[in-house]
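Okay, so here's the structure we're looking at.
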Amino acid sequence: MDFNVLMFYVFGVTAIAGGLVLFFAKHPIRSAMGLLASMLALAGMYAILQAHAIAVFQVIIYAGAIMVLIIYFIMLLDIQSEEYLRKYNKLLWAGGIFLVAILTLFIYKLYNILSASPDTFTTISRSIDPATAPEEFGGIKPFSKGLLTNYLFAFEFVSTLLFAAIVAVISIVQLDWKGRKNE
Amino acid sequence: MNEIFFDPNFMMGEISLVALIVILTIIEAFRRPIFVLLNTPSNSTGLDRRNKQASWFAGIGLIIVAVIFYVFGKATAGEHIILLNNSLTAGGGMYIGKLALIGAAILAVLMSARYTLTQSIPAMDYYLLLLFSLLGAVTLIAAENFLIIFLALEMMSIPIYALVGLKKFSTRAGESAIKYLLLGGFSSGFLLLGISFLYGTTGSLIVKDVIQSLNFIVFDASAFLSAIGLIFVFIGLAFKVSLVPFHAWTPDVYEGAGTPITAFMSVAVKLAAFAVILKIFASIDTFGEFDSVFSLIFMFFSLLTVIYGNSVALVQQNVKRMLAYSSIAHAGYMGLALAPMHHKIHTVQAVLFYGIGYIAMNMLAFGVLVYLTRKEKYCETLNDLKGIARKYPGAAAMMAIAMFSLAGLPPAVGFVGKVQIFIQLLEGHMYITAVIALLFSLVALYFYINVIVVMYMREPETEITNIDKHSVGPVWISLSLAALFVLVLGILPSPLLKWALKWAEMLF
């Protein structure tokens with residue numbers, strides 16, 4: 001097992017562990033840190049899979065910007081009261097049962113399918129090998145080129161979408177919220 | 001069908017719609033006094049006058065846009081092309097679907113002229129958001145690509161989230177907006193997860209490529225994952241059309257939102273989302289080993305929707321809530337046509353016909369509620385409608401037409417729509433399903449006819465107060481247009497059937 005494959009599994013395990021911390025931690029900041037670990041591990045996986053641009057975006061946008069936003073929200077909301085947590089902890093078993101059911105189905109099906117074709121793991125390790133990646137794959141150059149050619153319409157449409165979102169936010173915020181009454 | 005990167009003739013309608021949005025934004029930026037942002041009482045800033053102007057701008061602009069859509073759509077109808085690297089379909093009968101959605105928006109704007117005045121809502125924001133949503137809807141039905149489907153769906157929904165909450169002095173509206181926003185985000189998550197599964201197994205985002213490379217005959221990992229992907233995509237879209245069990249938001253949101261918004265949301269969003277469901281699922285020839293699974297999914301969800309929507313609507317005292325449950329039931333009828341799994345052009349035609357007819361009849365029903373609004377009191381419950389026919393015979397007659405059509409009684413378009421759906425079910429040999437659906441549309445007769453009975457035969461509990469006189473004209477125009485469509489297309493359905501067929505051809 002060469003280094004790349006080893007690191008792939010290490011990052012994979014870290015990502016799952018981060019997800020578990022996110023799920024089971026009592027304190028919201030610990031959950032946020034679990035999410036951060038999970039995202040950084042994912043960035044590592046992208047880098048190993050030769051998607052360097054995506055790895056950088058993952059670190060800058062998710063681990064950077066979005067984490068700051070999440071932590072801000074946690075600070076602003078200050079969810080610490082035991083009662084509040086208990087209300088949601090009561091519902092945990094339902095989610096747990098659903099999760100276990102889905103996971104069992106998923107793992108069982110995938111195990112069936114994978115055991116029928118034993119070369120799947122070799123396929124994975126081959127796709128991690130840098131030598132097999134197409135030229136210029138995953139860099140910033142093909143990314144920007146695709147953005148302005150193949151995905152031009154999507155790119156422009158997103159800018160219109162952001163404009164719509166700005167109008168939506170302004171129209172909601174400028175309403176006279178103080179005068180609201182219950183009906 | 002050929003591919004062109006860009007040809008403005010095929011996109012002139014969308015371009016003019018975006019241009020209208022930009023022009024309205026600039027106008028609003030210059031005429032709005034800045035101190036409105038600082039919680040000054042609205043009357044002192046001439047809100048009524050500005051609202052009236054805004055309604056004129058939006059209404060006339062939208063009619064011009066509709067004409068452009070029609071002229072350029074008609075001119076390019078001979079060709080069927082794919083634009084911008086597999087982003088959008090254009091040409092052919094696509095303009096019919098777009099015109100149907102724009103028609104819904106025009107009717108909504110005509111009602112909103114009155115609604116924004118009586119409720120003192122800043123009208124230009126409201127119209128801008130409505131136009132954004134319309135832009136999302138017309139892009140959504142033309143999308144060729146899962147990426148564009150997702151973006152257009154968001155473009156359609158995000159302004160609606162804001163529009164639902166855009167109501168003064170109402171915590172109920174805020175509650176509905178938050179509910180819709182959270183559940184909408186949840187459903188978008190489902191859709192994206194499904195799309196990523198499909199991308200993972202087929203390596204493409206283009207709907208046609210994905211459908212062609214789906215292979216359900218050999219059961220392996222990719223067949224399993226793509227089946228899961230398709231189910232998730234279906235769930236994401238089923239939220240938007242409110243099929244049971246993804247309907248929980250519908251009654252609350254429909255009740256809390258402003259009536260014209262409820263009307264627009266219940267027809268345009270539903271039709272556009274159904275067009276996408278049909279585009280993805282009706283062109284899949286076979287699901288191989290999953291054939292029965294998918295047939296069961298469509299049948300189960302849709303039949304449950306019909307049963308649930310119609311039975312819960314029976315006990316509603318609030319007309320808006322009743323119409324919400326009825327809209328759930330109607331989504332069920334549209335979904336039922338997918339269940340026979342003999343996907344062909346006539347199934348799609350039947351659903352699209354139903355969807356377009358539903359625009360006219362539902363707009364009519366909600367339009368009457370807008371007409372009967374008072375400044376401090378919405379007309380929403382059955383009590384408010386008691387004996388209304390004596391004082392407002394015109395409005396009562398319009399409501400009666402809408403109720404007849406929604407119930408599926410003969411002279412109206414709803415009847416032809418239901419017949420089309422049942423023909424599809426019978427051709428697919430789903431007799432038991434057809435019988436159950438028919439039984440529940442008999443159940444539905446009760447609560448639709450009940451509205452007419454209440455309007456014509458009950459004595460009002462208190463004296464009926466006068467309605468507001470603000471902008472009654474536009475509402476009457478929208479009511480008469482919708483009633484005209486309901487009756488004319490009900491008696492002579494063949495043009496609409498032809499249009500629906502033309503549009504249906506574009507989805508394959």
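How things are named: the first chain in the structure tokens is A, the next is B, and so on; residues count from 1 in each chain; ligands count from 1 in the order shown.
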
Exercise for review: Tell me, as an MDAnalysis selection string, which residues lie within 12 Å of Phe440 of chain B, counting only C-alpha atoms; anything in the same chain fewer than 5 positions away does not count.
Suggested key: chainID B and resid 303:314 326 329:330 332:333 407:408 433:435 445:447

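The protein and nucleic acid residues lying at most 7 Å from segment 17-31 of chain A are Ala37, Ser38 and Ile74 of chain A, with only C-alpha atoms considered and sequence neighbours fewer than 6 positions away removed.
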
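If you look at atom CA of Gly200 of chain B and atom CA of Met67 of chain A, they are 26.8 Å away from each other.
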
With distances taken over only C-alpha atoms, the candidate from B:Leu336, B:Ile68, B:Val486, B:Leu17 nearest chain A is B:Leu17

Inset, instruction - For Ala47 of chain A, work out the shell of residues within 12 Å, counting only C-alpha atoms and skipping chain neighbours fewer than 4 positions away, then give it as a PyMOL selection string. - result: chain A and resi 4+7-8+11+40-43+51-59+128-130+137-139

Open item on the list: According to DSSP computed on the backbone, where in segment 49-224 of chain B is there alpha helix (DSSP H)? Give the residues as a ChimeraX atom specification.
Closed with: /B:49-75,94-119,123-142,146-165,171-202,207-213,221-224

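Across A:Leu91, A:Leu35, A:Ile48, A:Val13, the tightest approach to Ile66 of chain A is made by A:Leu35 when counting only C-alpha atoms.
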
- DSSP strand (DSSP E or B) selection over segment 62-172 of chain B, as a ChimeraX atom specification: /B:80-83,88-91,143,145

Neighbour list for Ile158 of chain B as a PyMOL selection string, cut-off 9 Å, only C-alpha atoms, skip fewer than 2 positions in-chain:
(chain A and resi 161+164-165+168) or (chain B and resi 129+132-133+153-156+160-163+181+184)

Long-range neighbours of Ala173 of chain B as a PyMOL selection string, 10 Å cut-off, only C-alpha atoms, 2 positions minimum in chain:
(chain A and resi 182-183) or (chain B and resi 162-171+175-179+252-258)

Those selected residues, please, written with C-alpha atoms and delivered as an mmCIF file, in the first residue's frame.
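Output contents, as saved in result.cif:
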```
data_model
loop_
_atom_site.group_PDB
_atom_site.id
_atom_site.type_symbol
_atom_site.label_atom_id
_atom_site.label_comp_id
_atom_site.auth_asym_id
_atom_site.auth_seq_id
_atom_site.Cartn_x
_atom_site.Cartn_y
_atom_site.Cartn_z
ATOM 1 C CA ASN A 182 -50.250 38.026 16.419
ATOM 2 C CA GLU A 183 -53.348 37.037 14.535
ATOM 3 C CA ALA B 162 -39.450 36.184 0.795
ATOM 4 C CA LEU B 163 -42.840 36.874 -0.809
ATOM 5 C CA VAL B 164 -44.555 34.595 1.705
ATOM 6 C CA GLY B 165 -43.120 36.659 4.543
ATOM 7 C CA LEU B 166 -43.718 39.997 2.833
ATOM 8 C CA LYS B 167 -46.828 40.928 4.713
ATOM 9 C CA LYS B 168 -47.150 43.750 7.160
ATOM 10 C CA PHE B 169 -48.137 43.278 10.767
ATOM 11 C CA SER B 170 -48.369 39.540 10.559
ATOM 12 C CA THR B 171 -46.429 37.030 12.595
ATOM 13 C CA GLU B 175 -43.910 31.798 10.558
ATOM 14 C CA SER B 176 -44.963 30.428 7.174
ATOM 15 C CA ALA B 177 -41.963 31.991 5.477
ATOM 16 C CA ILE B 178 -39.550 30.379 7.925
ATOM 17 C CA LYS B 179 -41.299 27.020 7.623
ATOM 18 C CA ASP B 252 -49.539 26.595 6.685
ATOM 19 C CA VAL B 253 -47.679 28.399 3.926
ATOM 20 C CA TYR B 254 -50.746 28.811 1.726
ATOM 21 C CA GLU B 255 -52.705 30.155 4.658
ATOM 22 C CA GLY B 256 -50.015 32.512 5.866
ATOM 23 C CA ALA B 257 -48.923 33.956 2.538
ATOM 24 C CA GLY B 258 -50.689 36.781 0.782
#
```

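Closest approach to chain A from the set B:Pro460, B:Gly335, B:Gly174, B:Gly97 is made by B:Gly174, with distances taken over only C-alpha atoms.
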
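Our summary of the geometry notes that atom CA of Tyr126 of chain B is positioned 15.4 Å from atom CA of Ala104 of chain B.
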